Amino acid sequence: MKLGFSIGAALSLTFVTLAALSFVWTPSDIETLDIANKLQTPSADHLLGTDHFGRDILSMIMMGARTSIAVAVVAVGIGMAVGIPLGLWAAARSGSLLDEVIMRGNDLVFAFPSLVIAILITAVFGPSAVNAIIAIGIFNIPVFARLARGAALPLWERDFILAARVCGKSSARISAEHILPNIMNLMIVQGTIQFSLGILAEAALSYIGLGAQPPTASWGRMLADAQTLTAIAPHTALIPGGTIVLMVLGLNLLGDGLRDRLDPRIRVDRT
Amino acid sequence: MTLLRVQNLSVSIGGTDILHDVDLSVTAGQITAITGESGSGKSMTALACMGLLPKGARAAGTIDLAGTDILQTSERQLNDIRGNDIGMVFQEPMTALNPVQTIGTQVAETIRIHTDAPRTEAKTRAADMLRKVGLDVSPDRYPHEVSGGQRQRVVIAMAIALRPELLIADEPTTALDVTTQARILDLLKGLVAEFGMGMILITHDLAVVSDIADQIAVMQHGRVVEAGATDTLMRRMQHSYTRSLFAASSHVPAIRQPYASHTQTIPHGAAAPKQGLAVENVTKKYNLSRKTLLGPRPTFAALKNVSLTISSGERVGLVGESGCGKSTLTRAILGLEDVQAGSITLDGAPVVSNRRADLTQRRKMQVVFQDPYGSFNPRHTVARLVSEPFYLLEDKPKNPADRIAQALTDVGLSPSDGDKYIHEFSGGQRQRIAIARALITDPQLVIFDEAVSALDVSVRAQVLDLIADISARRSLSYLFISHDLSVVRAITDRVLVMKGGQIVEDGATEDVYRNPSHPYTQTLLAAAPQLPEFIEV
Amino acid sequence: MIRYTLRRLISLLLSLLAASIIIFAVIEVIPGDPAAFMLGVNAREDTLAALRDQMGLNDPLPIRYLAWVGGLLTGDLGTSWTYKTPVADLVSDRIWVSLPLALYALTLSTLIAFPAGIIAAARRGGPADLGIMGATQLGVAIPNFWFAMILVLIFAINLRWFSAGGFAGWDDPLAALKSLTLPAIALALPQAAILARVMRSSLLDMLGEDFIRTARAKGLSRRQALWRHALRNALIPVLTIIGLQFSFLLAGGIIIEQVFFLPGLGRLIFQAISARDLIVVESVVMLLVFTVIIVNFAVDLAYAAVDPRLRRRA
């Protein structure tokens, strides 16, 4: 398991570095088309070959990492920033009407897979990377809300919470001082899982054209472009897909490793 | 006839020795008790006899059950022996049963896996067995539909369904109320006599041991330090650990002179005393879920017209079984839960006003809980934990560090312990820290909610001494809540007995214990196992 | 049990109500004038008026909402502006691709995940466990649409065992199933990986419970205890995941249909989006959400069948 954590950390770090590097340098410019050199297999000039417009695939992958990570980070951020407080609030008022409303609201959001949300948004506002962020972010809210509530509820039964109440502390203060620090590990681990799911979801949305639009580079779009070319230039499909697999695998290994390090007893929701 | 003979049993897990050279014997028709404090190796000995040692455990020695060495027996043969020749009863009846199978099916399973009995016959035999263990509910019930005591009867029925030669009971009554405990112990005793079984009874409770065991083995740190026939052993204890264990069990802390008598309840409607706590005619009901779809919500009255007083400096005990309303009363007094009727006042002013707890009132009260593990936020330092009640103060202390150091010193810890985290302390030390937290703001009333119930006897004796010592040094009144009658007797001036949300008896402790007037108090006292008189108190 | 079912039923109706309000609000309220939005800036005034009239836009919002919901209840999903045919007809042609695909994938996923999860839990720490866990780790990381492309590359283009896309129609059920097989595998394997992990960890949790120790003390072997006592208890969290997976499979199917050129709801909805046919989008999204909510209801009932504690409690 130690090995898994190291591999996961190394993979995740590699992609973050590639994304960061793309701000200052890429092997070649992806906005210039070079039709003469289209669909080249990997070579010294183009380490990962070129696509149907002759663009350097490695550069595209680097730029795509940026989009993927940005979308996933913001979406997880939305999920945590809204979901965790909602979950804590519901747990603090467990059994009340408020709790019921929050939890039923969560159930309702679960009935809208992020793809459906993306469809709704796109139908009215048109496709964009922001859509992907909103759609994935909204879907992350109930994930964190449920998890936070579920983890907070047994804590509220613990005597140290009663002791804090005896000391006159309000439930908001108790949630912040006592509950949140004790569920934060779980939230971080779930965060890495949602991060990896966000990467997958962004790729899927961009693939069907509901996410990032040209000229923004995206792994999902690269696969959409490659679809009709798989027979003649398989590398155009294999490379972006393999990249997604490595990134997601890395994040999952990192999450599992973190869980084992932070607290072997906590459970994460892998759905 | 010796049924089971354990010789030189040693067990180690991952290089750590758990048991060293344990010797033990069980005679058919007799009860051998294994006793000792937590971590002494009692349960591991039982699991070894079942051949159910945890993965990675290495065992040496012999466990001879009627000619078969359990340690040399293959897993396949052990499966034939377990349930057939040896039955086992566990501590936690709430989790020992499969929640998705009926109790009848679970008892019938023991019969079905060891005999060729067809399904219907196994069911009939299971139903007979359930009646035999005194269970008068349908075998088609699920575990969640019966009480804890009833579940324990189901587990016993499962264990004895095939009349095994040996029954191992691991703390079978520890999770049960004292009256239920008495009935389960009677049942076990009767079954041993009737079936001629040998029984290993594992318990930390020396009073239980002295009540029903024929033989005793006292364990400490994985060794049997002393063993023998119950009567002989208790009259002539050889080992110093045995003596200290019995001494701690019957320990009476030196509390200061009884408080000037406040032995009668205030009459209903009388004015609340100016000083101290007064609970008057308090009723608390909880809503239950509807029985019918649109019918009225049934309610459950946790407290029915409860009245009590605690004058300043008075030490009051509250005794009752689980579900009697003790916890609800504690929460109501602390202002954590509002009540539907009645008033709770401290020094003449209500503890809850406008549905919010009054901070000036709350400052005067603190609480110490039962669970030394759950009472502290694991992520805060001890200094922060102990100083949490400062939040109640309007004028925060100018030198909190000194106050924290003083509070820790007062409970026998060192000021440097303030920098540590709670997991670095033992159960007894944690209860000291809980007491330090309760006392740091000098409250006038402290509620001890089962505060020593989770502790081993020797640690419990020390914590009781600490409470006695503190109450002698300051003018502190307390409400000491416990299910353990002997502890309450040792540490209070006055005792309240609670049953079904009502206080059924209220009087000076010694009077109540010597001449209980309410039938329930009499039942409780009769059910509580006691060490024989001849043991030096 | 009746009380429990009734409560779940009420909750189901409330969910449907809330979902329909949300969808109605997004499609018909947010754009301001949906008719103008659908036709674009260069629309002729009389076409606009005709569409407004067809959509009932001259009525107040509550009436429009009620009319829409009333239509849904009677099977009238409106008339597509682009196809000029009733949406119900469009949907009924295509649902017989999307729904069988999701069910096919769910069946595959369960058939793979249950044995894998059970074997991994029963042989915890052994080579089988490590192998299965390694495979699931990879499985959860693979995007299903990319996996679909790889399957096409291998089994359709290189091996020619399957056609690369299209749908044969249900006139020949075997051919229809065959054309859904690759898409179902692509959908199912990543979900099977998730389900197998949940199954394994849920079983391991249960194997650590006290009642397993009781069962062992009765004389059951480890394996018997797993099958007779741990499994049914472990199903409770697994059912939750199966319910959730159905909605993922239905939505995921929309994407996979693109890879295999299947004439399902996915194709319909994407064409509707590019043609700005909000009438189709609104009803098809409602249909998808409706299916998900119904499946969750079925899962709730399955809980009660598995767990007697739920039958009594509300």
# chains A, B, ... in the order shown; residues from 1 in each chain; ligands from 1

call {"tool": "select_by_dssp", "arguments": {"residues": "range 91-297 of chain C", "states": "helix (DSSP H, G or I)", "output": "number ranges by chain"}}
result
C: 91-122, 127-141, 144-158, 173-207, 210-218, 222-260, 265-274, 278-297

call {"tool": "interface_residues", "arguments": {"of": "chain B", "to": "chain C", "cutoff": "7 Å", "atoms": "only C-alpha atoms", "output": "CSV table (one decimal) with C-alpha atoms, in the first residue's frame"}}
result
chain,number,residue,atom,x,y,z
B,79,ASN,CA,-16.2,-27.0,13.2
B,80,ASP,CA,-17.8,-30.2,14.3
B,81,ILE,CA,-16.8,-29.6,17.9
B,82,ARG,CA,-17.9,-26.0,18.1
B,83,GLY,CA,-21.6,-25.7,18.8
B,87,GLY,CA,-21.1,-23.7,23.2
B,88,MET,CA,-20.2,-20.1,23.7
B,95,THR,CA,-24.6,-7.3,18.2
B,96,ALA,CA,-24.2,-11.1,18.7
B,97,LEU,CA,-27.2,-12.0,16.6
B,98,ASN,CA,-27.6,-11.7,12.8
B,100,VAL,CA,-31.7,-10.2,9.2
B,110,THR,CA,-27.0,-24.9,15.4
B,144,HIS,CA,-34.3,-6.0,17.0
B,159,ALA,CA,-25.1,-22.3,22.6
B,293,LEU,CA,-50.8,6.4,9.3

call {"tool": "residues_around", "arguments": {"residues": "Val107 in chain B", "least_positions_apart": "3", "cutoff": "6 Å", "atoms": "only C-alpha atoms", "output": "list in words"}}
result
Gly104, Thr110, Ala126 and Met158 of chain B

call {"tool": "closest_residue", "arguments": {"among": "C:Val295, C:Leu61, C:Leu288, C:Leu177", "to": "Pro113 in chain A", "atoms": "only C-alpha atoms"}}
result
C:Leu288

call {"tool": "closest_residue", "arguments": {"among": "A:Asn131, A:Asn140, A:Thr216, A:Thr122", "to": "chain C", "atoms": "only C-alpha atoms"}}
result
A:Thr122

call {"tool": "interface_residues", "arguments": {"of": "chain A", "to": "chain C", "cutoff": "7 Å", "atoms": "only C-alpha atoms", "output": "JSON, numbers by chain"}}
result
{"A": [108, 111, 112, 113, 115, 116, 123, 124, 200, 208, 230, 231, 241, 245, 248, 249, 270, 271]}

call {"tool": "residues_around", "arguments": {"residues": "Ile30 in chain A", "least_positions_apart": "6", "cutoff": "10 Å", "atoms": "only C-alpha atoms", "output": "list in words"}}
result
Phe53, Gly54, Arg55, Asp56, Ile57, Leu58, Ser59, Met60, Met63, Pro215, Thr216 and Ala217 of chain A

call {"tool": "write_last_selection", "arguments": {"atoms": "all heavy atoms", "output": "mmCIF file, in the first residue's frame"}}
result
data_model
loop_
_atom_site.group_PDB
_atom_site.id
_atom_site.type_symbol
_atom_site.label_atom_id
_atom_site.label_comp_id
_atom_site.auth_asym_id
_atom_site.auth_seq_id
_atom_site.Cartn_x
_atom_site.Cartn_y
_atom_site.Cartn_z
ATOM 1 N N PHE A 53 -4.680 17.581 -37.416
ATOM 2 C CA PHE A 53 -4.306 18.916 -37.900
ATOM 3 C C PHE A 53 -2.794 19.107 -37.838
ATOM 4 O O PHE A 53 -2.295 20.216 -38.008
ATOM 5 C CB PHE A 53 -4.969 20.011 -37.063
ATOM 6 C CG PHE A 53 -6.456 20.123 -37.313
ATOM 7 C CD1 PHE A 53 -7.359 20.177 -36.254
ATOM 8 C CD2 PHE A 53 -6.956 20.192 -38.616
ATOM 9 C CE1 PHE A 53 -8.722 20.291 -36.489
ATOM 10 C CE2 PHE A 53 -8.320 20.305 -38.853
ATOM 11 C CZ PHE A 53 -9.203 20.354 -37.791
ATOM 12 N N GLY A 54 -2.069 18.047 -37.491
ATOM 13 C CA GLY A 54 -0.623 18.152 -37.379
ATOM 14 C C GLY A 54 -0.160 18.818 -36.092
ATOM 15 O O GLY A 54 0.988 19.228 -35.981
ATOM 16 N N ARG A 55 -1.087 18.928 -35.118
ATOM 17 C CA ARG A 55 -0.678 19.544 -33.854
ATOM 18 C C ARG A 55 0.066 18.522 -32.991
ATOM 19 O O ARG A 55 -0.220 17.324 -33.036
ATOM 20 C CB ARG A 55 -1.908 20.062 -33.091
ATOM 21 C CG ARG A 55 -2.573 21.233 -33.786
ATOM 22 C CD ARG A 55 -3.844 21.643 -33.081
ATOM 23 N NE ARG A 55 -4.852 20.579 -33.131
ATOM 24 C CZ ARG A 55 -6.103 20.760 -32.707
ATOM 25 N NH1 ARG A 55 -6.482 21.925 -32.171
ATOM 26 N NH2 ARG A 55 -6.966 19.783 -32.787
ATOM 27 N N ASP A 56 1.009 19.003 -32.186
ATOM 28 C CA ASP A 56 1.829 18.135 -31.342
ATOM 29 C C ASP A 56 0.977 17.590 -30.186
ATOM 30 O O ASP A 56 0.441 18.343 -29.371
ATOM 31 C CB ASP A 56 3.015 18.945 -30.788
ATOM 32 C CG ASP A 56 3.890 18.116 -29.884
ATOM 33 O OD1 ASP A 56 4.328 17.025 -30.302
ATOM 34 O OD2 ASP A 56 4.100 18.545 -28.725
ATOM 35 N N ILE A 57 0.876 16.248 -30.110
ATOM 36 C CA ILE A 57 -0.035 15.661 -29.119
ATOM 37 C C ILE A 57 0.450 15.904 -27.692
ATOM 38 O O ILE A 57 -0.345 16.177 -26.795
ATOM 39 C CB ILE A 57 -0.246 14.154 -29.412
ATOM 40 C CG1 ILE A 57 -1.063 14.017 -30.711
ATOM 41 C CG2 ILE A 57 -0.969 13.462 -28.262
ATOM 42 C CD1 ILE A 57 -1.416 12.606 -31.094
ATOM 43 N N LEU A 58 1.787 15.857 -27.483
ATOM 44 C CA LEU A 58 2.291 16.116 -26.137
ATOM 45 C C LEU A 58 1.870 17.500 -25.662
ATOM 46 O O LEU A 58 1.415 17.677 -24.526
ATOM 47 C CB LEU A 58 3.830 15.979 -26.113
ATOM 48 C CG LEU A 58 4.491 16.317 -24.769
ATOM 49 C CD1 LEU A 58 3.968 15.403 -23.661
ATOM 50 C CD2 LEU A 58 6.005 16.187 -24.849
ATOM 51 N N SER A 59 1.977 18.487 -26.544
ATOM 52 C CA SER A 59 1.570 19.848 -26.156
ATOM 53 C C SER A 59 0.082 19.892 -25.834
ATOM 54 O O SER A 59 -0.349 20.525 -24.876
ATOM 55 C CB SER A 59 1.870 20.832 -27.288
ATOM 56 O OG SER A 59 3.220 20.715 -27.657
ATOM 57 N N MET A 60 -0.706 19.176 -26.673
ATOM 58 C CA MET A 60 -2.147 19.129 -26.438
ATOM 59 C C MET A 60 -2.454 18.491 -25.081
ATOM 60 O O MET A 60 -3.323 18.941 -24.337
ATOM 61 C CB MET A 60 -2.838 18.297 -27.533
ATOM 62 C CG MET A 60 -2.659 18.825 -28.931
ATOM 63 S SD MET A 60 -3.949 19.982 -29.384
ATOM 64 C CE MET A 60 -5.362 18.894 -29.527
ATOM 65 N N MET A 63 -1.721 21.006 -22.351
ATOM 66 C CA MET A 63 -2.775 22.017 -22.245
ATOM 67 C C MET A 63 -4.069 21.392 -21.705
ATOM 68 O O MET A 63 -4.800 21.996 -20.926
ATOM 69 C CB MET A 63 -3.050 22.647 -23.617
ATOM 70 C CG MET A 63 -1.861 23.340 -24.242
ATOM 71 S SD MET A 63 -1.312 24.762 -23.293
ATOM 72 C CE MET A 63 -2.505 25.994 -23.820
ATOM 73 N N PRO A 215 -10.987 26.729 -29.099
ATOM 74 C CA PRO A 215 -9.673 26.077 -29.181
ATOM 75 C C PRO A 215 -9.167 25.545 -27.845
ATOM 76 O O PRO A 215 -8.009 25.109 -27.799
ATOM 77 C CB PRO A 215 -8.777 27.226 -29.653
ATOM 78 C CG PRO A 215 -9.385 28.439 -29.021
ATOM 79 C CD PRO A 215 -10.853 28.195 -28.968
ATOM 80 N N THR A 216 -9.960 25.598 -26.771
ATOM 81 C CA THR A 216 -9.472 25.060 -25.496
ATOM 82 C C THR A 216 -9.138 23.582 -25.658
ATOM 83 O O THR A 216 -9.973 22.815 -26.131
ATOM 84 C CB THR A 216 -10.554 25.198 -24.404
ATOM 85 O OG1 THR A 216 -11.040 26.534 -24.431
ATOM 86 C CG2 THR A 216 -10.002 24.874 -23.046
ATOM 87 N N ALA A 217 -7.927 23.198 -25.271
ATOM 88 C CA ALA A 217 -7.534 21.798 -25.403
ATOM 89 C C ALA A 217 -8.166 20.997 -24.262
ATOM 90 O O ALA A 217 -8.254 21.474 -23.142
ATOM 91 C CB ALA A 217 -6.021 21.668 -25.349
#

call {"tool": "closest_atom_pairs", "arguments": {"of": "chain A", "to": "chain B", "cutoff": "8 Å", "atoms": "only C-alpha atoms", "output": "JSON lines"}}
result
{"residue": "A:Arg158", "atom": "CA", "partner": "B:Gly374", "partner_atom": "CA", "distance": 5.6}
{"residue": "A:Asp159", "atom": "CA", "partner": "B:Ser375", "partner_atom": "CA", "distance": 4.5}
{"residue": "A:Phe160", "atom": "CA", "partner": "B:Ser375", "partner_atom": "CA", "distance": 4.2}
{"residue": "A:Ile161", "atom": "CA", "partner": "B:Ser375", "partner_atom": "CA", "distance": 7.8}
{"residue": "A:Ala163", "atom": "CA", "partner": "B:Val367", "partner_atom": "CA", "distance": 7.3}
{"residue": "A:Ala164", "atom": "CA", "partner": "B:Glu388", "partner_atom": "CA", "distance": 7.2}
{"residue": "A:Arg165", "atom": "CA", "partner": "B:Leu336", "partner_atom": "CA", "distance": 7.3}
{"residue": "A:Val166", "atom": "CA", "partner": "B:Leu334", "partner_atom": "CA", "distance": 6.7}
{"residue": "A:Cys167", "atom": "CA", "partner": "B:Pro389", "partner_atom": "CA", "distance": 5.0}
{"residue": "A:Gly168", "atom": "CA", "partner": "B:Leu392", "partner_atom": "CA", "distance": 6.1}
{"residue": "A:Lys169", "atom": "CA", "partner": "B:Tyr391", "partner_atom": "CA", "distance": 7.6}
{"residue": "A:His178", "atom": "CA", "partner": "B:Asn377", "partner_atom": "CA", "distance": 6.7}
{"residue": "A:Pro181", "atom": "CA", "partner": "B:Arg379", "partner_atom": "CA", "distance": 7.5}
{"residue": "A:Asn182", "atom": "CA", "partner": "B:Arg379", "partner_atom": "CA", "distance": 7.3}

call {"tool": "atom_distance", "arguments": {"atom1": "CA of Leu265 in chain C", "atom2": "CA of Thr74 in chain C"}}
result
20.4 Å

call {"tool": "residues_around", "arguments": {"residues": "range 250-257 of chain A", "least_positions_apart": "6", "cutoff": "7 Å", "atoms": "only C-alpha atoms", "output": "NGL selection string"}}
result
:A and (1-2 or 4-5 or 7-9 or 11-12 or 189 or 192-193 or 196)

call {"tool": "residues_around", "arguments": {"residues": "range 130-142 of chain B", "least_positions_apart": "2", "cutoff": "8 Å", "atoms": "only C-alpha atoms", "output": "list in words"}}
result
Pro99, Val100, Gln101, Thr102, Ile103, Gly104, Thr105, Ala126, Ala127, Asp128, His144, Glu145, Val146, Gln150, Arg153, Val154, Ile156, Ala157 and Leu187 of chain B; Pro308 of chain C

call {"tool": "write_last_selection", "arguments": {"atoms": "N, CA and C atoms", "output": "PDB file, in the first residue's frame"}}
result
ATOM      1  N   PRO B  99     -28.861  -9.618  12.355  1.00  0.00           N
ATOM      2  CA  PRO B  99     -30.065  -8.779  12.367  1.00  0.00           C
ATOM      3  C   PRO B  99     -31.096  -9.149  11.310  1.00  0.00           C
ATOM      4  N   VAL B 100     -30.715  -9.907  10.282  1.00  0.00           N
ATOM      5  CA  VAL B 100     -31.680 -10.171   9.216  1.00  0.00           C
ATOM      6  C   VAL B 100     -32.259 -11.587   9.261  1.00  0.00           C
ATOM      7  N   GLN B 101     -31.994 -12.333  10.344  1.00  0.00           N
ATOM      8  CA  GLN B 101     -32.618 -13.653  10.475  1.00  0.00           C
ATOM      9  C   GLN B 101     -33.445 -13.711  11.745  1.00  0.00           C
ATOM     10  N   THR B 102     -34.535 -14.492  11.720  1.00  0.00           N
ATOM     11  CA  THR B 102     -35.350 -14.602  12.929  1.00  0.00           C
ATOM     12  C   THR B 102     -34.563 -15.366  13.983  1.00  0.00           C
ATOM     13  N   ILE B 103     -34.959 -15.155  15.242  1.00  0.00           N
ATOM     14  CA  ILE B 103     -34.219 -15.800  16.327  1.00  0.00           C
ATOM     15  C   ILE B 103     -34.378 -17.312  16.255  1.00  0.00           C
ATOM     16  N   GLY B 104     -35.569 -17.770  15.859  1.00  0.00           N
ATOM     17  CA  GLY B 104     -35.801 -19.204  15.747  1.00  0.00           C
ATOM     18  C   GLY B 104     -34.872 -19.839  14.719  1.00  0.00           C
ATOM     19  N   THR B 105     -34.730 -19.185  13.559  1.00  0.00           N
ATOM     20  CA  THR B 105     -33.852 -19.704  12.509  1.00  0.00           C
ATOM     21  C   THR B 105     -32.418 -19.801  13.016  1.00  0.00           C
ATOM     22  N   ALA B 126     -35.778 -25.913  18.121  1.00  0.00           N
ATOM     23  CA  ALA B 126     -35.307 -24.566  18.459  1.00  0.00           C
ATOM     24  C   ALA B 126     -36.342 -23.853  19.328  1.00  0.00           C
ATOM     25  N   ALA B 127     -37.607 -24.010  18.953  1.00  0.00           N
ATOM     26  CA  ALA B 127     -38.661 -23.364  19.739  1.00  0.00           C
ATOM     27  C   ALA B 127     -38.670 -23.921  21.163  1.00  0.00           C
ATOM     28  N   ASP B 128     -38.477 -25.257  21.291  1.00  0.00           N
ATOM     29  CA  ASP B 128     -38.412 -25.855  22.628  1.00  0.00           C
ATOM     30  C   ASP B 128     -37.267 -25.259  23.433  1.00  0.00           C
ATOM     31  N   HIS B 144     -34.051  -7.383  16.525  1.00  0.00           N
ATOM     32  CA  HIS B 144     -34.314  -6.006  16.961  1.00  0.00           C
ATOM     33  C   HIS B 144     -35.663  -5.873  17.633  1.00  0.00           C
ATOM     34  N   GLU B 145     -36.469  -6.947  17.575  1.00  0.00           N
ATOM     35  CA  GLU B 145     -37.798  -6.854  18.179  1.00  0.00           C
ATOM     36  C   GLU B 145     -37.835  -7.348  19.621  1.00  0.00           C
ATOM     37  N   VAL B 146     -36.676  -7.791  20.141  1.00  0.00           N
ATOM     38  CA  VAL B 146     -36.663  -8.254  21.528  1.00  0.00           C
ATOM     39  C   VAL B 146     -35.605  -7.485  22.321  1.00  0.00           C
ATOM     40  N   GLN B 150     -33.489 -10.594  26.524  1.00  0.00           N
ATOM     41  CA  GLN B 150     -34.067 -11.668  25.712  1.00  0.00           C
ATOM     42  C   GLN B 150     -33.080 -12.140  24.660  1.00  0.00           C
ATOM     43  N   ARG B 153     -30.746 -14.496  26.050  1.00  0.00           N
ATOM     44  CA  ARG B 153     -31.350 -15.829  26.175  1.00  0.00           C
ATOM     45  C   ARG B 153     -31.296 -16.565  24.837  1.00  0.00           C
ATOM     46  N   VAL B 154     -31.493 -15.822  23.734  1.00  0.00           N
ATOM     47  CA  VAL B 154     -31.404 -16.450  22.418  1.00  0.00           C
ATOM     48  C   VAL B 154     -29.993 -16.997  22.197  1.00  0.00           C
ATOM     49  N   ILE B 156     -27.881 -17.878  24.409  1.00  0.00           N
ATOM     50  CA  ILE B 156     -27.693 -19.056  25.280  1.00  0.00           C
ATOM     51  C   ILE B 156     -28.386 -20.272  24.654  1.00  0.00           C
ATOM     52  N   ALA B 157     -29.603 -20.057  24.128  1.00  0.00           N
ATOM     53  CA  ALA B 157     -30.321 -21.173  23.502  1.00  0.00           C
ATOM     54  C   ALA B 157     -29.509 -21.744  22.344  1.00  0.00           C
ATOM     55  N   LEU B 187     -30.355 -18.684  35.308  1.00  0.00           N
ATOM     56  CA  LEU B 187     -30.605 -19.587  34.185  1.00  0.00           C
ATOM     57  C   LEU B 187     -29.370 -20.436  33.894  1.00  0.00           C
TER      58      LEU B 187
ATOM     59  N   PRO C 308     -35.075  -6.646   7.808  1.00  0.00           N
ATOM     60  CA  PRO C 308     -36.344  -6.620   8.544  1.00  0.00           C
ATOM     61  C   PRO C 308     -36.470  -5.408   9.457  1.00  0.00           C
TER      62      PRO C 308
END

call {"tool": "atom_distance", "arguments": {"atom1": "CA of Leu47 in chain B", "atom2": "CA of Ala59 in chain B"}}
result
11.3 Å

call {"tool": "residues_around", "arguments": {"residues": "range 113-123 of chain C", "least_positions_apart": "5", "cutoff": "6 Å", "atoms": "only C-alpha atoms", "output": "short mmCIF file (atom, residue, chain, number, x, y, z; two decimals) with all heavy atoms, in the first residue's frame"}}
result
data_model
loop_
_atom_site.label_atom_id
_atom_site.label_comp_id
_atom_site.auth_asym_id
_atom_site.auth_seq_id
_atom_site.Cartn_x
_atom_site.Cartn_y
_atom_site.Cartn_z
N ASP C 129 -7.34 -12.00 -4.23
CA ASP C 129 -7.77 -10.68 -3.76
C ASP C 129 -6.93 -9.58 -4.39
O ASP C 129 -7.45 -8.60 -4.94
CB ASP C 129 -7.65 -10.66 -2.23
CG ASP C 129 -8.15 -9.35 -1.63
OD1 ASP C 129 -8.96 -8.67 -2.30
OD2 ASP C 129 -7.74 -9.01 -0.51
N ALA C 192 -18.67 -2.35 -12.88
CA ALA C 192 -18.43 -3.61 -12.17
C ALA C 192 -17.25 -3.47 -11.22
O ALA C 192 -17.25 -4.01 -10.11
CB ALA C 192 -18.18 -4.74 -13.17
N LEU C 195 -18.53 -1.70 -8.18
CA LEU C 195 -19.43 -2.56 -7.42
C LEU C 195 -18.66 -3.67 -6.69
O LEU C 195 -18.96 -4.00 -5.54
CB LEU C 195 -20.47 -3.17 -8.38
CG LEU C 195 -21.73 -3.73 -7.75
CD1 LEU C 195 -22.45 -2.66 -6.95
CD2 LEU C 195 -22.66 -4.28 -8.83
N ALA C 196 -17.66 -4.23 -7.37
CA ALA C 196 -16.87 -5.29 -6.74
C ALA C 196 -16.15 -4.75 -5.51
O ALA C 196 -16.07 -5.42 -4.48
CB ALA C 196 -15.86 -5.87 -7.74
N MET C 199 -18.74 -4.36 -2.77
CA MET C 199 -19.11 -5.69 -2.29
C MET C 199 -18.05 -6.23 -1.35
O MET C 199 -18.36 -6.72 -0.26
CB MET C 199 -19.26 -6.62 -3.50
CG MET C 199 -19.76 -7.99 -3.18
SD MET C 199 -21.54 -7.96 -3.02
CE MET C 199 -21.80 -9.31 -1.93
N ARG C 200 -16.80 -6.12 -1.76
CA ARG C 200 -15.71 -6.66 -0.95
C ARG C 200 -15.64 -5.94 0.40
O ARG C 200 -15.61 -6.58 1.44
CB ARG C 200 -14.38 -6.49 -1.69
CG ARG C 200 -13.15 -6.85 -0.87
CD ARG C 200 -11.88 -6.59 -1.66
NE ARG C 200 -10.69 -6.94 -0.92
CZ ARG C 200 -10.04 -6.08 -0.14
NH1 ARG C 200 -10.48 -4.85 0.00
NH2 ARG C 200 -8.96 -6.45 0.51
N LEU C 204 -16.30 -7.50 4.07
CA LEU C 204 -15.25 -7.52 5.09
C LEU C 204 -15.74 -6.86 6.37
O LEU C 204 -15.45 -7.32 7.47
CB LEU C 204 -13.98 -6.84 4.57
CG LEU C 204 -13.22 -7.63 3.51
CD1 LEU C 204 -11.98 -6.88 3.06
CD2 LEU C 204 -12.81 -9.00 4.05
#

call {"tool": "closest_residue", "arguments": {"among": "B:Thr242, B:Thr328, B:Gln152, B:Asn399", "to": "Gln181 in chain B", "atoms": "only C-alpha atoms"}}
result
B:Gln152
